[in-house]
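I have placed the structure first, in the form of structure tokens, so that the comments after it can refer back to it.
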Protein chains: 2
Amino acid sequence: SVNPDLASERQTASFSVEKLTARLDGGAECTRLRRAVVEAIERDPVFSRENQYFQSQNERYEAAVRKGVHLQKKIHEMGWTDNGPEFKYIYRAVAGDVAFLLHRIFARSILLLGSDEQIAKWIPLATQYQLIGSYAQTELGHGTYLQGLETTAVFDITTQEFILNTPKISAVKWWPGDMGRSATHTVVFAQLYVQGECYGVHPFIVQIRSLQDHSLCPGIIAGDIGPKMNFEHIDNGYLMLQNVRVPRENMLNKFCEVQPDGTYVRRGSQKINYFTMTTVRISLISDEVIIPLMKACTIAIRYSVVRRQSKLKPGEQEAKILDYQTQQEKLLPQLAAAYAFHFINNYLQELFDRGYREIQSKNFDTLPELHAFSSGFKAMVTQYCTSAVAICLQACGGHGYSLLSGLPSLYTKILASCIYEGENTILFLQTARFLIKCFMAASAGQPVPPSVTYLAAVTPGKCPAKNKLDFLSPDIYTEAYQHMAARLISSTAAKLQDLIQSGVKKHDAWNQCTVQLVQAAKAHCHYITVKNFAETVEKLETQAGIQKIMKHLCDLFALHGIFSNAGVFLHDGYISGAQIDMVTASYLDLLAVIRKDAVPLVDAFDFTDKSLNSALGSYDGQVYQRLYEWAQKSPTNKQTSPAYERYLKPLLHNTLSKL
Amino acid sequence: SVNPDLASERQTASFSVEKLTARLDGGAECTRLRRAVVEAIERDPVFSRENQYFQSQNERYEAAVRKGVHLQKKIHEMGWTDNGPEFKYIYRAVAGDVAFLLHRIFARSILLLGSDEQIAKWIPLATQYQLIGSYAQTELGHGTYLQGLETTAVFDITTQEFILNTPKISAVKWWPGDMGRSATHTVVFAQLYVQGECYGVHPFIVQIRSLQDHSLCPGIIAGDIGPKMNFEHIDNGYLMLQNVRVPRENMLNKFCEVQPDGTYVRRGSQKINYFTMTTVRISLISDEVIIPLMKACTIAIRYSVVRRQSKLKPGEQEAKILDYQTQQEKLLPQLAAAYAFHFINNYLQELFDRGYREIQSKNFDTLPELHAFSSGFKAMVTQYCTSAVAICLQACGGHGYSLLSGLPSLYTKILASCIYEGENTILFLQTARFLIKCFMAASAGQPVPPSVTYLAAVTPGKCPAKNKLDFLSPDIYTEAYQHMAARLISSTAAKLQDLIQSGVKKHDAWNQCTVQLVQAAKAHCHYITVKNFAETVEKLETQAGIQKIMKHLCDLFALHGIFSNAGVFLHDGYISGAQIDMVTASYLDLLAVIRKDAVPLVDAFDFTDKSLNSALGSYDGQVYQRLYEWAQKSPTNKQTSPAYERYLKPLLHNTLSKL
């Protein structure tokens, strides 16, 4: 039975939860398909995540391999094809908890970087799992800066082989998933040397384990890198190469080749390839970042209407903690952010689909803009959502700190997204470089890409809002964000120019501006997110109930941003102190309004109890009962600890030589 | 051998590291004592923390009990007494990694709340470990709000016993340390009922496990609450009571008693008791909050001069990542904060020692101020340091995410400090209540405690700084913080009064101001911290080298706060936009200055490699070698996973019915 404190929250929804779910999915048919996939997976006991919080790294790995193998059967059984409509829901349904994700990257990299012959040879083997692939790029000493990789591949003209080596400890491959214990093959990125000359980093297919008995191949030292904050189910591995020889054909050679006589040939355009790599950053946003935040919001908000603590009014029953303004201020902005990022993600997907089509027709004009988008938004969304999940966790007090709440694992997993696929600070700086370039061009009257045309019109101005209600106008706050982003970009560009003109070398000048450049890039992404949210709300007009609550969330997202970063809006007087007071008043008013729909708004995310895997967040709100029942299953309650016989008993029985 | 990239950092220190260490310890003699304790503990293999990152919850618990038992012997052996000078270093030396911490709280609560007879009976048993105690206060349904506890203790006049019960699931005791698997006794907090009347929450000593065979006593259901983000070594437990009878003498009755005829008697003053409870919040700041931040800074900063990535100047060697402005901006403010909080902690310790003496001489005047201090600073320091450790972790990229870096466990442990001993938001609101009261009193011309006299003189004014160097004057920035804190308190007080005068009920008005009240309380604590740092630097005059670098850190701490919270300084025009630009310029200049001493500044914290337990943070900077060696010891490399025979082999050998 549903806890009455949670049930009552659902009776007063101002909109249709089912319709909002369909809107989030992209239509009722998509919702139906998604639910069918989720149900098929969750009904199958092999995919159960029960007891996951009790498992060791070894157990998690074994389970992930079991699920990974079973998933292939399941996909076949269900008739879900790679290009079918169900495919994109599978990852959500298994909650990422499977092995062989890097096997997919292995195959993708061959499809991208391999010649037709290489594709014809390796792809069927990968598809049929006659080998298990991995992708060995990062090293102990190098992550984001690929040019610095130290692994070497020297062409031996006499045997027509490449000889791969790990010349020093910092060159040991480190982190590749599926490599520590599973993979038989991997794509190794190494510095190519031909006749003493270095040609930079190239990819080589290397077998690392026997297909017969899985033993390590000669010259290969490999293993697992040990415990991490999360991803215990993945065997992130290390790899050392000692004079490992692979045939000349194993260098992926779509774009460049070493010919038998040692001639190095580069061919074709790599642009489409670079583009595909940047799309990876966008593709991870939904599954690895937004969905975890939506889950965290669901758990924290449901718990906050079930948890009663202290009294709001003397003499009354203890209050639901979501009725406290401070709790609303913790959680509701995160809820608004989840919606804001869902919509910006839709926008980015469309942008990249369009970009892909243009690039296929050999129009590369949009590439710099798309690269700037993918870098900045990957960094901005991962950082924002990571903080948001941490807030949700802390907002649940002690119970949030229990692994059984599900929140710790959401946090430790989303945290990794700030690091992988490009470290966020470096990504922000790439976006900043694009913005500075565009600002310079715009200032010189040259054309700039559509997303940055606003940089052409940086003017002083003042925010025209006269009272707190004016700040509920999207024009007012979008304009404020635009002004603020343009100011940060233009003032940093000015600082950069001043430094250079005063004789500071270009690279030093750049370094001295990087703190502000990062700030400017964030501001730009924040502005685009607010603008896109407001435009999305506009388009919802036919569905009145939904439009109204989405408008509130959009306002909240925007005003929360101004309230929390008031300095950058006040700095040049665009917004005055009195106007910040109006923003604050409207912001706090919105909390009380949205609070009423908080539970329906997280219900609309439509997570099953199994996918939340949380004692605090289940649909029925039976929080305490579930915490109690789940704790019983903990291995700490399954056996008497040897500590009693060994230490406690002698202590208590005074048979230990006493103190 | 020390990595040359780390060694070179130590050759250019602008001050004597050894002297700074002595200053931090409170004198060279204290340093000597601390090192002796640390050495005695670390030399003893029982206390080894090797392989800790690989252990399961069960293994961690067993190790903590082993260490807890052994520690008692060690203390005896070494002649360290409870009141001796060595005692306070023990906890740091074992890195908190022992059992029986709640046993100490058990004893302390009897000393505080028990009568002389009760003390005479129980304390020797506890001291001699003839029982193991715990402290059962929080329940599934109640944490910080103690009045809401639901466990009942009904006095049975016929048998002269209390009958304890857990009336519903939310009343199950939950979280008490040492209770899940170790404790034989606990102090249970329960609502006292005598002849149908409820007298509120009282403490009762209850035996929960047999002293003979450790089996649960009749009517007791108890166990472990399962996995948590950290504290795997502690058996946080649950407890249900079913008609458990304890004799009348088991209610701790220093302050109140149920007499044989059922008469309830309250006696004496509890004030000193309340005071002692608030001191717990202060006492945890050093060991549980500041030391972990110092460790995180040590690890991240040492790693950042060993890690080289990308190029600052074209054509040169890859740069140390600490040479990037963005990396400095991540880490150096956290380093400055570690020093700021070390000094504010010294200040608070002195304040509380003085307060304790006054209270012992029956002067209770300082109690409200001390309570406000303990609440606000506990909340402010834990929250600030938790964010700071998260920044250190993320600043180390992928390797920071490995448990072997030591950073994840520092983070997951410090995070708990935001929740235990009072949830931070509630604590800030208690400080805010005090501040509002003082502001009202000051406005009415009444006397207020010394720390808040500044509230009497809230004036508009403008910051007099004319260039960036002016912002290196402590008078300038301390005044700015003071102005800002006073403004936030006075404006929130005004809003509160306006709401009440417009007819909003007092408790509703309060709730509607809580977001701003929290902000005001934080601002007050931030101001006091800056002021105290500046005053501490003043007093260092005889030690020139140290004073100079501490002055830089103080400036950095203060200017970082203004840079990051510019809005509250700009709001009423006290600081102008142009002045914020000066702050920013000075702030960024300071980063480059302090960067030169970054390694000596963390060396001065004087952590041994064993206490850091980090592959990234060791004194010798052999980062990659250590990551590699430690990974070898992981259980994931110690056995072949059954996953191969069960799943991978059939898949690869095509004996699984293929896809």
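Residues in the structure tokens are named by chain (A, B, ... in the order shown) and by number from 1 within that chain; ligands are numbered from 1 in the order shown.
Residues in contact range of Thr584 in chain A, defined as at most 10 Å between only C-alpha atoms, with sequence neighbours fewer than 6 positions away removed, read Lys468, Phe471, Leu559, His560, Ile562, Phe563, Ser564, Ala578 and Leu590 of chain A; Gln516 of chain B.
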Q | DSSP-assigned alpha helix (DSSP H) members of range 328-429 of chain B, reported as a PyMOL selection string | A | chain B and resi 328-360+367-395+397-401+407-416+424-429
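Using only C-alpha atoms for every distance, the candidate list B:Trp122, B:Tyr264, B:Phe341, B:Tyr129 yields B:Tyr129 as the residue closest to chain A.
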**Q.** Residue neighbourhood range 597-600 of chain B, 7 Å, only C-alpha atoms, exclusion window fewer than 4 positions, as a PyMOL selection string
**A.** chain B and resi 9-10+13-14+17+301-302+604
Q | Nearest to chain A by atom-to-atom distance, counting only C-alpha atoms, from B:Leu293, B:Leu125, B:Leu252, B:Met380 | A | B:Leu125
Q. Any idea what's packed within 7 Å of Thr382 in chain B, counting only C-alpha atoms, ignoring anything in its chain fewer than 5 positions away? Could you give it as a ChimeraX atom specification?
A. /B:289,417-418
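Here CA of Leu410 in chain A and CA of Lys295 in chain A stand 8.1 Å from one another.
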Q. Quick one: residues within 10 Å of Thr159 in chain A, only C-alpha atoms counted, chain neighbours fewer than 5 positions away excluded, as number ranges by chain?
A. A: 245-248, 260
Q | Leu570 in chain A surroundings by only C-alpha atoms, 8 Å radius, close-in-sequence under 4 positions cut, as a list in words | A | Ala566, Tyr574, Ile575, Ser576 and Gly577 of chain A; Gly567, Leu570, His571 and Gly577 of chain B
Q: Could you find all residues in range 34-263 of chain B that DSSP calls strand (DSSP E or B) from the backbone, and write them as a count of residues only?
A: 58
Which neighbours of range 178-192 of chain B fall inside 8 Å, counting only C-alpha atoms, when residues of the same chain fewer than 6 positions from it are skipped, and could you give them as a JSON list (two decimals) with N, CA, C and O atoms, in the first residue's frame?
```json
[["chain", "number", "residue", "atom", "x", "y", "z"],
["A", 644, "TYR", "N", 34.25, -11.66, 17.09],
["A", 644, "TYR", "CA", 33.79, -11.98, 18.45],
["A", 644, "TYR", "C", 34.70, -12.99, 19.12],
["A", 644, "TYR", "O", 35.26, -12.73, 20.19],
["A", 648, "LEU", "N", 36.58, -9.93, 20.84],
["A", 648, "LEU", "CA", 35.61, -9.43, 21.82],
["A", 648, "LEU", "C", 35.46, -10.37, 23.01],
["A", 648, "LEU", "O", 35.43, -9.94, 24.16],
["B", 99, "ALA", "N", 37.44, 0.58, 16.36],
["B", 99, "ALA", "CA", 36.11, 0.39, 16.95],
["B", 99, "ALA", "C", 36.06, 1.04, 18.33],
["B", 99, "ALA", "O", 37.06, 1.59, 18.80],
["B", 100, "PHE", "N", 34.91, 1.00, 18.93],
["B", 100, "PHE", "CA", 34.69, 1.43, 20.32],
["B", 100, "PHE", "C", 34.69, 2.95, 20.52],
["B", 100, "PHE", "O", 34.86, 3.43, 21.63],
["B", 101, "LEU", "N", 34.47, 3.72, 19.44],
["B", 101, "LEU", "CA", 34.35, 5.16, 19.64],
["B", 101, "LEU", "C", 33.05, 5.47, 20.38],
["B", 101, "LEU", "O", 32.97, 6.37, 21.20],
["B", 102, "LEU", "N", 32.01, 4.69, 20.10],
["B", 102, "LEU", "CA", 30.75, 4.91, 20.78],
["B", 102, "LEU", "C", 30.78, 4.39, 22.21],
["B", 102, "LEU", "O", 30.03, 4.85, 23.06],
["B", 103, "HIS", "N", 31.65, 3.42, 22.46],
["B", 103, "HIS", "CA", 31.86, 2.97, 23.82],
["B", 103, "HIS", "C", 32.30, 4.16, 24.68],
["B", 103, "HIS", "O", 31.87, 4.31, 25.83],
["B", 106, "PHE", "N", 29.31, 6.27, 25.33],
["B", 106, "PHE", "CA", 28.52, 5.57, 26.36],
["B", 106, "PHE", "C", 29.02, 5.97, 27.74],
["B", 106, "PHE", "O", 28.25, 6.40, 28.60],
["B", 131, "LEU", "N", 32.14, -4.67, 29.75],
["B", 131, "LEU", "CA", 31.00, -4.55, 28.86],
["B", 131, "LEU", "C", 31.45, -3.67, 27.70],
["B", 131, "LEU", "O", 32.48, -3.00, 27.80],
["B", 132, "ILE", "N", 30.69, -3.70, 26.61],
["B", 132, "ILE", "CA", 30.96, -2.78, 25.50],
["B", 132, "ILE", "C", 29.71, -1.94, 25.30],
["B", 132, "ILE", "O", 28.60, -2.48, 25.14],
["B", 133, "GLY", "N", 29.89, -0.64, 25.37],
["B", 133, "GLY", "CA", 28.73, 0.24, 25.36],
["B", 133, "GLY", "C", 28.49, 0.89, 24.01],
["B", 133, "GLY", "O", 29.36, 0.95, 23.15],
["B", 134, "SER", "N", 27.27, 1.37, 23.84],
["B", 134, "SER", "CA", 26.89, 2.13, 22.65],
["B", 134, "SER", "C", 25.92, 3.23, 23.09],
["B", 134, "SER", "O", 25.66, 3.39, 24.30],
["B", 135, "TYR", "N", 25.37, 3.96, 22.17],
["B", 135, "TYR", "CA", 24.60, 5.15, 22.50],
["B", 135, "TYR", "C", 23.43, 5.24, 21.52],
["B", 135, "TYR", "O", 23.63, 5.63, 20.36],
["B", 136, "ALA", "N", 22.25, 4.82, 21.96],
["B", 136, "ALA", "CA", 21.14, 4.61, 21.03],
["B", 136, "ALA", "C", 20.15, 5.76, 21.08],
["B", 136, "ALA", "O", 19.18, 5.74, 21.82],
["B", 137, "GLN", "N", 20.42, 6.76, 20.28],
["B", 137, "GLN", "CA", 19.58, 7.95, 20.28],
["B", 137, "GLN", "C", 18.72, 8.02, 19.02],
["B", 137, "GLN", "O", 17.51, 7.92, 19.11],
["B", 149, "LEU", "N", 11.40, 11.53, 19.22],
["B", 149, "LEU", "CA", 11.71, 10.10, 19.38],
["B", 149, "LEU", "C", 10.46, 9.34, 19.82],
["B", 149, "LEU", "O", 9.65, 9.85, 20.60],
["B", 150, "GLU", "N", 10.33, 8.10, 19.36],
["B", 150, "GLU", "CA", 9.09, 7.36, 19.60],
["B", 150, "GLU", "C", 9.25, 6.13, 20.49],
["B", 150, "GLU", "O", 8.26, 5.51, 20.86],
["B", 151, "THR", "N", 10.49, 5.75, 20.79],
["B", 151, "THR", "CA", 10.70, 4.63, 21.71],
["B", 151, "THR", "C", 10.08, 4.99, 23.07],
["B", 151, "THR", "O", 10.17, 6.13, 23.51],
["B", 152, "THR", "N", 9.45, 4.01, 23.71],
["B", 152, "THR", "CA", 8.79, 4.30, 24.98],
["B", 152, "THR", "C", 9.44, 3.54, 26.14],
["B", 152, "THR", "O", 9.96, 2.43, 25.96],
["B", 153, "ALA", "N", 9.39, 4.17, 27.32],
["B", 153, "ALA", "CA", 9.83, 3.51, 28.55],
["B", 153, "ALA", "C", 8.73, 3.77, 29.59],
["B", 153, "ALA", "O", 8.55, 4.90, 30.03],
["B", 154, "VAL", "N", 7.99, 2.74, 29.90],
["B", 154, "VAL", "CA", 6.83, 2.88, 30.80],
["B", 154, "VAL", "C", 7.22, 2.35, 32.18],
["B", 154, "VAL", "O", 7.73, 1.23, 32.30],
["B", 155, "PHE", "N", 6.99, 3.14, 33.20],
["B", 155, "PHE", "CA", 7.35, 2.71, 34.56],
["B", 155, "PHE", "C", 6.29, 1.76, 35.09],
["B", 155, "PHE", "O", 5.10, 2.08, 35.10],
["B", 164, "LEU", "N", 10.65, -1.14, 28.18],
["B", 164, "LEU", "CA", 11.00, -0.40, 26.95],
["B", 164, "LEU", "C", 10.43, -1.09, 25.72],
["B", 164, "LEU", "O", 10.48, -2.32, 25.62],
["B", 198, "CYS", "N", 3.33, 11.41, 30.01],
["B", 198, "CYS", "CA", 4.62, 11.43, 29.31],
["B", 198, "CYS", "C", 5.49, 12.55, 29.86],
["B", 198, "CYS", "O", 5.07, 13.70, 29.94],
["B", 199, "TYR", "N", 6.72, 12.21, 30.21],
["B", 199, "TYR", "CA", 7.65, 13.20, 30.74],
["B", 199, "TYR", "C", 8.79, 13.55, 29.77],
["B", 199, "TYR", "O", 9.77, 14.14, 30.17],
["B", 200, "GLY", "N", 8.66, 13.12, 28.56],
["B", 200, "GLY", "CA", 9.69, 13.46, 27.57],
["B", 200, "GLY", "C", 10.82, 12.45, 27.52],
["B", 200, "GLY", "O", 10.78, 11.40, 28.19],
["B", 201, "VAL", "N", 11.85, 12.78, 26.74],
["B", 201, "VAL", "CA", 12.92, 11.84, 26.43],
["B", 201, "VAL", "C", 13.91, 11.72, 27.60],
["B", 201, "VAL", "O", 14.37, 12.73, 28.14],
["B", 202, "HIS", "N", 14.21, 10.48, 27.98],
["B", 202, "HIS", "CA", 15.17, 10.20, 29.05],
["B", 202, "HIS", "C", 16.08, 9.05, 28.65],
["B", 202, "HIS", "O", 15.71, 8.21, 27.83],
["B", 203, "PRO", "N", 17.27, 8.98, 29.25],
["B", 203, "PRO", "CA", 18.24, 7.93, 28.92],
["B", 203, "PRO", "C", 18.18, 6.74, 29.88],
["B", 203, "PRO", "O", 18.11, 6.92, 31.10],
["B", 204, "PHE", "N", 18.22, 5.53, 29.30],
["B", 204, "PHE", "CA", 18.17, 4.29, 30.08],
["B", 204, "PHE", "C", 19.30, 3.36, 29.67],
["B", 204, "PHE", "O", 19.53, 3.17, 28.47],
["B", 205, "ILE", "N", 19.96, 2.78, 30.65],
["B", 205, "ILE", "CA", 20.98, 1.78, 30.33],
["B", 205, "ILE", "C", 20.30, 0.44, 30.09],
["B", 205, "ILE", "O", 19.54, -0.04, 30.95],
["B", 206, "VAL", "N", 20.54, -0.14, 28.92],
["B", 206, "VAL", "CA", 19.89, -1.40, 28.56],
["B", 206, "VAL", "C", 20.95, -2.39, 28.09],
["B", 206, "VAL", "O", 21.78, -2.05, 27.25],
["B", 207, "GLN", "N", 20.89, -3.59, 28.66],
["B", 207, "GLN", "CA", 21.78, -4.64, 28.14],
["B", 207, "GLN", "C", 21.15, -5.25, 26.90],
["B", 207, "GLN", "O", 19.96, -5.57, 26.91],
["B", 208, "ILE", "N", 21.93, -5.40, 25.84],
["B", 208, "ILE", "CA", 21.35, -5.95, 24.62],
["B", 208, "ILE", "C", 21.94, -7.31, 24.22],
["B", 208, "ILE", "O", 21.31, -8.06, 23.50],
["B", 209, "ARG", "N", 23.14, -7.61, 24.71],
["B", 209, "ARG", "CA", 23.73, -8.92, 24.37],
["B", 209, "ARG", "C", 24.29, -9.57, 25.62],
["B", 209, "ARG", "O", 24.74, -8.89, 26.55],
["B", 210, "SER", "N", 24.29, -10.87, 25.61],
["B", 210, "SER", "CA", 24.81, -11.65, 26.73],
["B", 210, "SER", "C", 26.30, -11.39, 26.91],
["B", 210, "SER", "O", 27.05, -11.36, 25.93],
["B", 211, "LEU", "N", 26.71, -11.23, 28.16],
["B", 211, "LEU", "CA", 28.14, -11.09, 28.43],
["B", 211, "LEU", "C", 28.83, -12.43, 28.30],
["B", 211, "LEU", "O", 30.05, -12.51, 28.14],
["B", 214, "HIS", "N", 27.35, -13.54, 24.01],
["B", 214, "HIS", "CA", 27.09, -12.46, 23.04],
["B", 214, "HIS", "C", 25.77, -12.62, 22.30],
["B", 214, "HIS", "O", 25.48, -11.87, 21.35],
["B", 222, "ALA", "N", 18.44, -6.89, 17.13],
["B", 222, "ALA", "CA", 19.48, -5.93, 16.78],
["B", 222, "ALA", "C", 20.34, -6.48, 15.66],
["B", 222, "ALA", "O", 20.41, -7.69, 15.45],
["B", 223, "GLY", "N", 20.97, -5.60, 14.93],
["B", 223, "GLY", "CA", 21.85, -6.01, 13.84],
["B", 223, "GLY", "C", 22.50, -4.81, 13.21],
["B", 223, "GLY", "O", 22.42, -3.70, 13.74],
["B", 224, "ASP", "N", 23.12, -5.06, 12.08],
["B", 224, "ASP", "CA", 23.89, -4.03, 11.39],
["B", 224, "ASP", "C", 23.00, -3.38, 10.32],
["B", 224, "ASP", "O", 22.19, -4.04, 9.70],
["B", 225, "ILE", "N", 23.16, -2.07, 10.10],
["B", 225, "ILE", "CA", 22.29, -1.41, 9.12],
["B", 225, "ILE", "C", 22.79, -1.54, 7.68],
["B", 225, "ILE", "O", 22.17, -1.02, 6.76],
["B", 234, "ILE", "N", 32.84, 0.62, 11.01],
["B", 234, "ILE", "CA", 31.97, 0.78, 12.18],
["B", 234, "ILE", "C", 30.69, -0.02, 11.97],
["B", 234, "ILE", "O", 30.08, 0.05, 10.91],
["B", 235, "ASP", "N", 30.27, -0.75, 13.01],
["B", 235, "ASP", "CA", 29.03, -1.52, 12.92],
["B", 235, "ASP", "C", 27.86, -0.65, 13.38],
["B", 235, "ASP", "O", 27.27, -0.88, 14.43],
["B", 236, "ASN", "N", 27.52, 0.34, 12.53],
["B", 236, "ASN", "CA", 26.31, 1.11, 12.84],
["B", 236, "ASN", "C", 25.14, 0.15, 12.88],
["B", 236, "ASN", "O", 24.99, -0.67, 11.98],
["B", 237, "GLY", "N", 24.33, 0.25, 13.92],
["B", 237, "GLY", "CA", 23.36, -0.81, 14.12],
["B", 237, "GLY", "C", 21.92, -0.35, 14.23],
["B", 237, "GLY", "O", 21.62, 0.84, 14.22],
["B", 238, "TYR", "N", 21.04, -1.34, 14.28],
["B", 238, "TYR", "CA", 19.63, -1.07, 14.59],
["B", 238, "TYR", "C", 19.24, -1.84, 15.84],
["B", 238, "TYR", "O", 19.91, -2.80, 16.23]]
```
Q: To one decimal in Å, tell me the separation between CA of Arg307 in chain A and CA of Leu322 in chain A.
A: 8.4 Å
